[in-house]
$ cat structure-v5.txt   # compact mmCIF, C-alpha atoms
# COMPACT_ATOMS: atom_id res chain seq x y z
CA ARG A 1 -11.35 -4.17 -16.52
CA GLY A 2 -9.89 -1.58 -18.84
CA PHE A 3 -7.97 -4.22 -20.78
CA LEU A 4 -10.42 -7.15 -20.85
CA GLU A 5 -13.96 -5.93 -20.30
CA LEU A 6 -14.05 -2.29 -21.36
CA GLN A 7 -11.23 -2.69 -23.90
CA LEU A 8 -10.28 0.97 -23.64
CA ASP A 9 -7.57 2.50 -25.77
CA PRO A 10 -4.51 3.72 -23.81
CA GLU A 11 -5.44 7.42 -23.88
CA SER A 12 -9.01 6.72 -22.68
CA MET A 13 -7.62 4.56 -19.89
CA TYR A 14 -5.22 7.32 -18.86
CA THR A 15 -8.07 9.84 -18.84
CA GLN A 16 -10.11 7.56 -16.59
CA PHE A 17 -7.17 7.21 -14.19
CA VAL A 18 -6.76 10.99 -14.03
CA LYS A 19 -10.47 11.38 -13.29
CA HIS A 20 -10.38 8.83 -10.46
CA VAL A 21 -7.31 10.44 -8.88
CA GLU A 22 -8.95 13.87 -9.05
CA ASN A 23 -12.15 12.55 -7.46
CA VAL A 24 -10.19 11.02 -4.58
CA ASN A 25 -8.30 14.26 -4.04
CA VAL A 26 -11.56 16.22 -3.91
CA ILE A 27 -12.75 14.00 -1.05
CA ILE A 28 -9.40 14.31 0.74
CA SER A 29 -9.52 18.10 0.40
CA THR A 30 -13.05 18.18 1.81
CA TYR A 31 -11.87 16.66 5.08
CA LYS A 32 -8.44 18.27 5.13
CA ASP A 33 -6.67 18.67 8.46
CA GLU A 34 -3.88 21.25 8.38
CA SER A 35 -1.95 19.48 11.14
CA MET A 36 -1.52 16.42 8.92
CA GLY A 37 -0.10 18.32 5.95
CA ASP A 38 -0.84 17.54 2.31
CA LEU A 39 -2.62 14.18 2.08
CA GLN A 40 -3.61 14.36 -1.57
CA VAL A 41 -2.29 11.58 -3.78
CA TYR A 42 -0.09 11.99 -6.85
CA PRO A 43 0.92 9.16 -9.23
CA GLU A 44 4.19 10.96 -10.06
CA LYS A 45 5.10 10.92 -6.36
CA GLY A 46 4.41 7.21 -5.93
CA THR A 47 1.34 7.69 -3.72
CA VAL A 48 -1.09 6.05 -6.17
CA SER A 49 -1.26 2.35 -6.90
CA PHE A 50 -2.87 1.07 -10.10
CA SER A 51 -4.20 -2.37 -9.31
CA ALA A 52 -6.39 -5.31 -10.28
CA GLY A 53 -7.51 -6.47 -6.85
CA LEU A 54 -9.34 -9.53 -8.18
CA HIS A 55 -6.21 -10.81 -9.95
CA GLY A 56 -3.79 -9.76 -7.21
CA TRP A 57 -1.40 -7.53 -9.15
CA ALA A 58 -0.60 -3.84 -8.88
CA PHE A 59 2.05 -1.26 -9.67
CA THR A 60 3.14 2.27 -8.86
CA LEU A 61 4.98 4.58 -11.24
CA PRO A 62 8.29 4.26 -9.33
CA ILE A 63 8.21 0.51 -10.07
CA PHE A 64 8.15 1.20 -13.82
CA ALA A 65 10.57 4.11 -13.45
CA ARG A 66 13.19 1.71 -12.10
CA MET A 67 12.84 -0.35 -15.28
CA TYR A 68 13.59 2.63 -17.54
CA ALA A 69 15.77 5.02 -15.51
CA LYS A 70 19.08 3.42 -16.46
CA LYS A 71 18.11 3.18 -20.12
CA PHE A 72 17.37 6.90 -20.31
CA GLY A 73 20.26 7.90 -18.06
CA VAL A 74 18.10 9.74 -15.52
CA SER A 75 17.27 9.27 -11.85
CA GLU A 76 14.30 7.17 -10.76
CA ALA A 77 12.61 10.29 -9.40
CA LYS A 78 12.97 12.10 -12.74
CA MET A 79 11.73 9.09 -14.69
CA THR A 80 8.74 8.75 -12.37
CA GLU A 81 7.73 12.33 -13.14
CA ARG A 82 8.02 11.71 -16.87
CA LEU A 83 5.67 8.73 -16.68
CA TRP A 84 2.70 10.93 -15.78
CA GLY A 85 1.08 14.05 -17.15
CA GLU A 86 1.94 15.90 -20.35
CA ASN A 87 5.16 14.06 -21.12
CA TYR A 88 5.61 12.49 -24.55
CA PHE A 89 8.50 10.52 -26.02
CA VAL A 90 9.29 10.41 -29.74
CA PRO A 91 11.26 7.17 -30.45
CA ALA A 92 12.37 8.29 -33.94
CA GLU A 93 14.06 11.37 -32.51
CA LYS A 94 14.80 9.88 -29.08
CA LYS A 95 13.54 13.07 -27.50
CA TRP A 96 10.99 14.07 -24.89
CA LYS A 97 8.43 16.55 -26.20
CA GLY A 98 5.09 18.12 -25.38
CA ALA A 99 1.71 17.12 -26.74
CA GLY A 100 1.45 16.62 -30.49
CA GLU A 101 -0.74 14.84 -33.03
CA THR A 102 1.72 11.99 -33.54
CA ASN A 103 3.33 11.97 -30.09
CA GLU A 104 2.37 9.22 -27.66
CA ARG A 105 2.01 9.89 -23.96
CA ALA A 106 4.84 8.38 -21.89
CA PHE A 107 2.43 6.65 -19.50
CA ASN A 108 0.72 4.94 -22.42
CA MET A 109 3.97 3.96 -24.12
CA PHE A 110 6.05 2.77 -21.19
CA VAL A 111 3.38 1.49 -18.80
CA LEU A 112 0.14 0.54 -20.54
CA ASP A 113 1.69 -0.80 -23.74
CA PRO A 114 3.91 -3.46 -22.06
CA ILE A 115 0.97 -4.57 -19.90
CA SER A 116 -1.26 -4.71 -22.97
CA LYS A 117 1.24 -6.93 -24.79
CA ILE A 118 1.38 -9.33 -21.84
CA PHE A 119 -2.43 -9.45 -21.79
CA SER A 120 -2.61 -10.14 -25.52
CA ALA A 121 -0.02 -12.93 -25.46
CA ALA A 122 -1.55 -14.66 -22.42
CA MET A 123 -5.16 -14.46 -23.61
CA ASN A 124 -4.33 -15.60 -27.15
CA ASP A 125 -2.19 -18.59 -26.09
CA GLN A 126 0.96 -17.10 -27.60
CA ASN A 127 3.22 -18.89 -25.15
CA GLU A 128 6.48 -18.43 -27.07
CA LYS A 129 5.89 -14.70 -27.35
CA LEU A 130 4.91 -14.52 -23.68
CA GLN A 131 8.01 -16.41 -22.53
CA LYS A 132 10.21 -14.12 -24.63
CA MET A 133 8.70 -11.04 -22.98
CA LEU A 134 9.03 -12.57 -19.53
CA GLY A 135 12.67 -13.34 -20.26
CA ALA A 136 13.28 -9.70 -21.19
CA LEU A 137 11.69 -8.68 -17.88
CA ASN A 138 13.78 -11.27 -16.01
CA ILE A 139 10.60 -12.95 -14.74
CA LYS A 140 10.79 -16.67 -14.08
CA MET A 141 7.65 -18.80 -13.90
CA LYS A 142 7.16 -22.42 -12.96
CA LYS A 143 6.51 -24.94 -15.69
CA ASP A 144 3.06 -25.70 -14.28
CA ASP A 145 2.14 -22.01 -14.40
CA LEU A 146 3.14 -21.72 -18.05
CA GLU A 147 0.79 -24.58 -18.89
CA LEU A 148 -2.22 -22.58 -17.73
CA LYS A 149 -4.56 -21.05 -20.28
CA GLY A 150 -6.45 -17.79 -20.72
CA LYS A 151 -7.28 -15.76 -17.63
CA ALA A 152 -5.58 -18.25 -15.33
CA LEU A 153 -2.28 -17.80 -17.19
CA LEU A 154 -2.75 -14.04 -17.32
CA LYS A 155 -3.44 -13.84 -13.60
CA ARG A 156 -0.38 -15.90 -12.65
CA THR A 157 1.83 -13.98 -15.09
CA MET A 158 0.83 -10.57 -13.75
CA GLN A 159 1.19 -11.75 -10.15
CA ASN A 160 4.75 -12.83 -10.90
CA TRP A 161 5.61 -9.61 -12.73
CA LEU A 162 3.78 -7.01 -10.63
CA PRO A 163 2.74 -8.60 -7.32
CA ALA A 164 0.26 -6.43 -5.41
CA HIS A 165 1.89 -6.96 -2.02
CA LYS A 166 5.18 -5.43 -3.19
CA ALA A 167 3.49 -2.30 -4.53
CA LEU A 168 1.48 -1.88 -1.33
CA LEU A 169 4.45 -2.50 0.96
CA GLU A 170 6.62 -0.02 -0.96
CA MET A 171 3.94 2.66 -0.67
CA MET A 172 3.64 2.07 3.08
CA ILE A 173 7.40 2.23 3.63
CA CYS A 174 7.97 5.31 1.49
CA ASN A 175 4.90 7.36 2.38
CA LEU A 176 3.38 6.52 5.76
CA PRO A 177 4.73 8.55 8.70
CA SER A 178 6.57 6.79 11.50
CA PRO A 179 4.75 6.31 14.84
CA ALA A 180 6.96 9.03 16.34
CA ALA A 181 5.91 11.54 13.66
CA ALA A 182 2.25 10.50 13.58
CA GLY A 183 1.84 10.62 17.36
CA LYS A 184 2.27 14.39 17.41
CA TYR A 185 -0.85 15.10 15.34
CA ARG A 186 -2.90 12.00 16.17
CA CYS A 187 -2.87 12.43 19.92
CA GLU A 188 -5.85 14.79 20.08
CA LEU A 189 -7.86 12.42 17.86
CA LEU A 190 -7.03 9.30 19.90
CA TYR A 191 -7.03 10.57 23.47
CA THR A 192 -10.04 12.20 25.18
CA GLY A 193 -8.26 13.23 28.38
CA PRO A 194 -6.37 16.48 29.10
CA MET A 195 -3.88 17.28 26.36
CA ASP A 196 -1.23 18.26 28.93
CA ASP A 197 -1.24 15.15 31.13
CA ALA A 198 1.38 12.38 31.18
CA CYS A 199 -0.62 10.08 28.90
CA ALA A 200 -1.09 12.66 26.14
CA THR A 201 2.54 13.71 26.36
CA GLY A 202 3.61 10.07 26.13
CA ILE A 203 1.54 9.52 22.98
CA ARG A 204 2.90 12.67 21.31
CA ASN A 205 6.50 11.76 22.12
CA CYS A 206 6.15 8.03 21.45
CA ASP A 207 7.76 7.57 24.87
CA PRO A 208 8.36 3.96 26.04
CA ALA A 209 8.84 5.23 29.61
CA ALA A 210 5.46 7.01 29.71
CA PRO A 211 2.23 5.47 31.05
CA LEU A 212 1.04 2.52 28.99
CA MET A 213 -1.55 3.50 26.37
CA LEU A 214 -2.69 0.58 24.22
CA TYR A 215 -5.66 0.32 21.88
CA VAL A 216 -7.12 -3.20 21.61
CA SER A 217 -8.44 -3.60 18.07
CA LYS A 218 -9.27 -7.30 18.04
CA MET A 219 -9.73 -10.32 20.28
CA VAL A 220 -7.89 -13.28 18.74
CA PRO A 221 -8.72 -16.86 19.81
CA SER A 222 -5.71 -18.47 21.49
CA VAL A 223 -4.57 -22.08 21.42
CA ASP A 224 -6.07 -22.45 24.88
CA LYS A 225 -9.74 -23.34 24.47
CA GLY A 226 -12.09 -20.57 25.55
CA ARG A 227 -9.35 -17.94 25.91
CA PHE A 228 -8.51 -14.92 23.76
CA ILE A 229 -5.49 -12.74 23.10
CA ALA A 230 -6.10 -8.98 23.18
CA PHE A 231 -4.44 -7.82 19.97
CA GLY A 232 -3.65 -4.12 19.92
CA ARG A 233 -1.29 -1.26 19.17
CA VAL A 234 0.93 0.45 21.73
CA PHE A 235 0.84 4.26 21.53
CA SER A 236 3.05 4.93 24.55
CA GLY A 237 4.65 3.05 27.40
CA THR A 238 5.78 -0.56 27.62
CA VAL A 239 3.71 -3.73 27.89
CA THR A 240 5.06 -5.97 30.65
CA ALA A 241 3.72 -9.28 31.90
CA GLY A 242 2.39 -9.09 35.45
CA VAL A 243 1.63 -5.35 35.45
CA LYS A 244 -1.88 -4.21 36.36
CA VAL A 245 -3.71 -2.15 33.75
CA ARG A 246 -7.03 -0.31 33.53
CA ILE A 247 -9.18 -1.75 30.74
CA MET A 248 -11.78 0.74 29.51
CA GLY A 249 -14.51 -0.85 27.40
CA PRO A 250 -16.52 0.85 24.62
CA ASN A 251 -19.18 2.03 27.09
CA TYR A 252 -16.74 3.55 29.57
CA VAL A 253 -17.40 7.16 30.63
CA ALA A 254 -14.63 9.18 32.29
CA GLY A 255 -15.21 9.46 36.04
CA LYS A 256 -17.50 6.42 36.25
CA LYS A 257 -16.82 2.74 36.96
CA GLU A 258 -19.11 1.25 34.36
CA ASP A 259 -17.24 -0.92 31.80
CA LEU A 260 -13.96 -0.33 33.67
CA TYR A 261 -11.78 -3.24 34.77
CA VAL A 262 -8.42 -3.53 36.51
CA LYS A 263 -6.55 -6.67 35.48
CA SER A 264 -2.99 -7.99 35.36
CA ILE A 265 -1.34 -8.77 32.02
CA GLN A 266 -0.84 -12.54 32.08
CA ARG A 267 1.62 -12.78 29.22
CA VAL A 268 2.85 -10.84 26.19
CA VAL A 269 2.94 -12.40 22.73
CA LEU A 270 3.96 -11.11 19.32
CA MET A 271 1.72 -12.13 16.41
CA MET A 272 3.63 -12.87 13.21
CA GLY A 273 1.59 -12.08 10.10
CA ARG A 274 -1.87 -13.48 9.64
CA LYS A 275 -0.81 -16.88 10.94
CA GLN A 276 -1.10 -17.50 14.62
CA GLU A 277 2.60 -17.92 15.15
CA VAL A 278 3.33 -16.46 18.54
CA ARG A 279 6.55 -15.75 20.36
CA ARG A 280 6.64 -15.19 24.09
CA CYS A 281 8.39 -12.05 25.27
CA ARG A 282 8.54 -9.92 28.41
CA HIS A 283 8.17 -6.48 26.92
CA LEU A 284 6.44 -4.91 23.95
CA VAL A 285 7.36 -1.29 23.22
CA ARG A 286 5.84 0.99 20.62
CA PRO A 287 8.23 1.19 17.62
CA ARG A 288 9.76 4.57 16.82

$ encode --input "structure-v5.txt" --output "structure tokens"
Amino acid sequence: RGFLELQLDPESMYTQFVKHVENVNVIISTYKDESMGDLQVYPEKGTVSFSAGLHGWAFTLPIFARMYAKKFGVSEAKMTERLWGENYFVPAEKKWKGAGETNERAFNMFVLDPISKIFSAAMNDQNEKLQKMLGALNIKMKKDDLELKGKALLKRTMQNWLPAHKALLEMMICNLPSPAAAGKYRCELLYTGPMDDACATGIRNCDPAAPLMLYVSKMVPSVDKGRFIAFGRVFSGTVTAGVKVRIMGPNYVAGKKEDLYVKSIQRVVLMMGRKQEVRRCRHLVRPR
């Protein structure tokens, strides 16, 4: 929106981003849990994604830092820090400086400006200019895509250059805690039983040999008509076909039998992505 609808200048756009990040951090601080550590988000640490959800493209600062780190002879981490905050680069002097009347903010120069040029070329049907810029970025597009016009061309170009799924996946890999680390502080939020019993200990230790603790989040229709697959996440223990389990429904109350069922696991399947591609297997253990 900042480029097409609002047509903000780079500094105004940066200011808006800073404001949004600060607002999110205020909400995070309001519900802070000391056991989970610092959960606030920082663009310079790669925990903020700037995205256009409607067009399916997004980026984090580390993505752009990788483009410039070698050129400036610094590490990706150092370049990431320079792309946010009060960091300004003066091309004429080839030096990094503080704020000044003629100095341009690094985020505006190295992030917003290249995106703005792509937008301008795509929206104004400047195909030769666009292809030249894509070549410099080592981005290859299909011939049919290059024949698109206006927003359609812009959307496809940005998806090829800065695909949203890559930015999201990178953030998940680099920032989300592993199940083994998360289990230690999530146990008391997930489990309502005694915190010193075998089940709670199994969740905290992510122990595949502990009692099975699995949360069913969705019932997925199977290929067999009228049957469903209980899709869920294993927090401790091992899922094994043929083993009897206690299924506690949403209305279950500890000590009572209402909404409590004892059933055998008929089979174990592994769902692959959003497609219903299943693979039969005997065991399913919580990943560490």

$ closest_residue --input "structure-v5.txt" --among "A:Val21, A:Ala77, A:Val220, A:Ala180" --to "A:Asp207" --atoms "only C-alpha atoms"
A:Ala180

$ atom_distance --input "structure-v5.txt" --atom1 "atom CA of A:Lys149" --atom2 "atom CA of A:Gly53"
20.0 Å

$ residues_around --input "structure-v5.txt" --residues "A:Lys129" --least-positions-apart "5" --cutoff "12 Å" --atoms "only C-alpha atoms" --output "list in words"
Lys117, Ile118, Phe119, Ser120, Ala121, Ala122, Met123, Asn124, Leu134, Gly135, Ala136 and Leu146 of chain A

$ residues_around --input "structure-v5.txt" --residues "A:Met248" --least-positions-apart "5" --cutoff "8 Å" --atoms "all atoms listed in the file" --output "list in words"
Asp259, Leu260 and Tyr261 of chain A

$ atom_distance --input "structure-v5.txt" --atom1 "atom CA of A:Met158" --atom2 "atom CA of A:Pro114"
11.4 Å

$ closest_residue --input "structure-v5.txt" --among "A:Ile63, A:Val111, A:Leu130, A:Leu189" --to "A:Asp33" --atoms "only C-alpha atoms"
A:Leu189

$ residues_around --input "structure-v5.txt" --residues "A:Pro91" --least-positions-apart "2" --cutoff "12 Å" --atoms "only C-alpha atoms" --output "PyMOL selection string"
chain A and resi 72+88-89+93-97+102-106+109-110

$ residues_around --input "structure-v5.txt" --residues "A:Leu168" --least-positions-apart "2" --cutoff "10 Å" --atoms "only C-alpha atoms" --output "VMD selection string"
chain A and resid 47 to 49 51 58 to 60 163 to 166 170 to 173

$ closest_residue --input "structure-v5.txt" --among "A:Val245, A:Ile139, A:Ile27, A:Val18" --to "A:Pro43" --atoms "only C-alpha atoms"
A:Val18

$ atom_distance --input "structure-v5.txt" --atom1 "atom CA of A:Ser264" --atom2 "atom CA of A:Val243"
5.3 Å

$ closest_residue --input "structure-v5.txt" --among "A:Arg246, A:Met195, A:Leu162, A:Gly98" --to "A:Ile115" --atoms "all atoms listed in the file"
A:Leu162

$ closest_residue --input "structure-v5.txt" --among "A:Phe64, A:Asn25, A:Asp125, A:Ala230" --to "A:Asp38" --atoms "all atoms listed in the file"
A:Asn25

$ residues_around --input "structure-v5.txt" --residues "A:Pro62" --least-positions-apart "2" --cutoff "7 Å" --atoms "all atoms listed in the file" --output "JSON, numbers by chain"
{"A": [46, 60, 64, 65, 66, 76, 80]}

$ closest_residue --input "structure-v5.txt" --among "A:Ile265, A:Ala181, A:Leu176, A:Ile28" --to "A:Leu212" --atoms "all atoms listed in the file"
A:Ile265

$ build_atoms --input "structure-v5.txt" --residues "stretch 60-71 of chain A" --atoms "all heavy atoms" --output "tab-separated table (two decimals), in the frame of the given file"
chain	number	residue	atom	x	y	z
A	60	THR	N	3.05	0.82	-9.03
A	60	THR	CA	3.14	2.27	-8.86
A	60	THR	C	4.09	2.77	-9.94
A	60	THR	O	4.87	1.99	-10.51
A	60	THR	CB	3.68	2.64	-7.47
A	60	THR	OG1	5.00	2.08	-7.33
A	60	THR	CG2	2.78	2.11	-6.36
A	61	LEU	N	4.09	4.04	-10.20
A	61	LEU	CA	4.98	4.58	-11.24
A	61	LEU	C	6.45	4.40	-10.91
A	61	LEU	O	7.26	4.15	-11.81
A	61	LEU	CB	4.66	6.06	-11.50
A	61	LEU	CG	3.31	6.34	-12.16
A	61	LEU	CD1	3.21	7.80	-12.58
A	61	LEU	CD2	3.07	5.44	-13.36
A	62	PRO	N	6.87	4.51	-9.62
A	62	PRO	CA	8.29	4.26	-9.33
A	62	PRO	C	8.75	2.85	-9.72
A	62	PRO	O	9.91	2.66	-10.06
A	62	PRO	CB	8.36	4.46	-7.81
A	62	PRO	CG	7.30	5.46	-7.51
A	62	PRO	CD	6.17	5.09	-8.45
A	63	ILE	N	7.84	1.88	-9.68
A	63	ILE	CA	8.21	0.51	-10.07
A	63	ILE	C	8.60	0.48	-11.54
A	63	ILE	O	9.61	-0.13	-11.93
A	63	ILE	CB	7.04	-0.46	-9.79
A	63	ILE	CG1	6.87	-0.65	-8.29
A	63	ILE	CG2	7.27	-1.81	-10.47
A	63	ILE	CD1	5.69	-1.52	-7.89
A	64	PHE	N	7.82	1.15	-12.39
A	64	PHE	CA	8.15	1.20	-13.82
A	64	PHE	C	9.34	2.12	-14.07
A	64	PHE	O	10.13	1.88	-14.97
A	64	PHE	CB	6.94	1.65	-14.63
A	64	PHE	CG	6.05	0.52	-15.04
A	64	PHE	CD1	5.02	0.10	-14.22
A	64	PHE	CD2	6.25	-0.15	-16.24
A	64	PHE	CE1	4.20	-0.96	-14.57
A	64	PHE	CE2	5.43	-1.21	-16.62
A	64	PHE	CZ	4.40	-1.62	-15.79
A	65	ALA	N	9.46	3.18	-13.27
A	65	ALA	CA	10.57	4.11	-13.45
A	65	ALA	C	11.90	3.40	-13.26
A	65	ALA	O	12.88	3.70	-13.95
A	65	ALA	CB	10.44	5.27	-12.46
A	66	ARG	N	11.95	2.46	-12.33
A	66	ARG	CA	13.19	1.71	-12.10
A	66	ARG	C	13.56	0.86	-13.31
A	66	ARG	O	14.74	0.56	-13.52
A	66	ARG	CB	13.05	0.83	-10.84
A	66	ARG	CG	13.16	1.61	-9.55
A	66	ARG	CD	13.35	0.69	-8.37
A	66	ARG	NE	12.13	-0.06	-8.07
A	66	ARG	CZ	11.17	0.37	-7.26
A	66	ARG	NH1	11.27	1.56	-6.68
A	66	ARG	NH2	10.11	-0.36	-7.02
A	67	MET	N	12.57	0.46	-14.09
A	67	MET	CA	12.84	-0.35	-15.28
A	67	MET	C	13.47	0.48	-16.39
A	67	MET	O	14.22	-0.04	-17.21
A	67	MET	CB	11.53	-0.96	-15.80
A	67	MET	CG	10.79	-1.85	-14.83
A	67	MET	SD	9.27	-2.49	-15.58
A	67	MET	CE	8.44	-3.22	-14.15
A	68	TYR	N	13.17	1.79	-16.42
A	68	TYR	CA	13.59	2.63	-17.54
A	68	TYR	C	14.67	3.66	-17.19
A	68	TYR	O	15.30	4.22	-18.09
A	68	TYR	CB	12.38	3.38	-18.10
A	68	TYR	CG	11.31	2.50	-18.68
A	68	TYR	CD1	10.06	2.37	-18.05
A	68	TYR	CD2	11.51	1.80	-19.86
A	68	TYR	CE1	9.06	1.57	-18.58
A	68	TYR	CE2	10.51	1.00	-20.41
A	68	TYR	CZ	9.28	0.89	-19.76
A	68	TYR	OH	8.30	0.10	-20.29
A	69	ALA	N	14.86	3.94	-15.91
A	69	ALA	CA	15.77	5.02	-15.51
A	69	ALA	C	17.17	4.86	-16.09
A	69	ALA	O	17.76	5.80	-16.63
A	69	ALA	CB	15.83	5.12	-13.99
A	70	LYS	N	17.72	3.65	-15.97
A	70	LYS	CA	19.08	3.42	-16.46
A	70	LYS	C	19.16	3.57	-17.97
A	70	LYS	O	20.12	4.13	-18.52
A	70	LYS	CB	19.55	2.03	-16.04
A	70	LYS	CG	21.00	1.74	-16.37
A	70	LYS	CD	21.43	0.38	-15.83
A	70	LYS	CE	22.89	0.11	-16.13
A	70	LYS	NZ	23.32	-1.23	-15.62
A	71	LYS	N	18.14	3.11	-18.66
A	71	LYS	CA	18.11	3.18	-20.12
A	71	LYS	C	18.16	4.63	-20.60
A	71	LYS	O	18.83	4.96	-21.59
A	71	LYS	CB	16.86	2.49	-20.66
A	71	LYS	CG	16.70	2.58	-22.17
A	71	LYS	CD	15.42	1.88	-22.62
A	71	LYS	CE	15.24	2.01	-24.12
A	71	LYS	NZ	13.98	1.35	-24.58
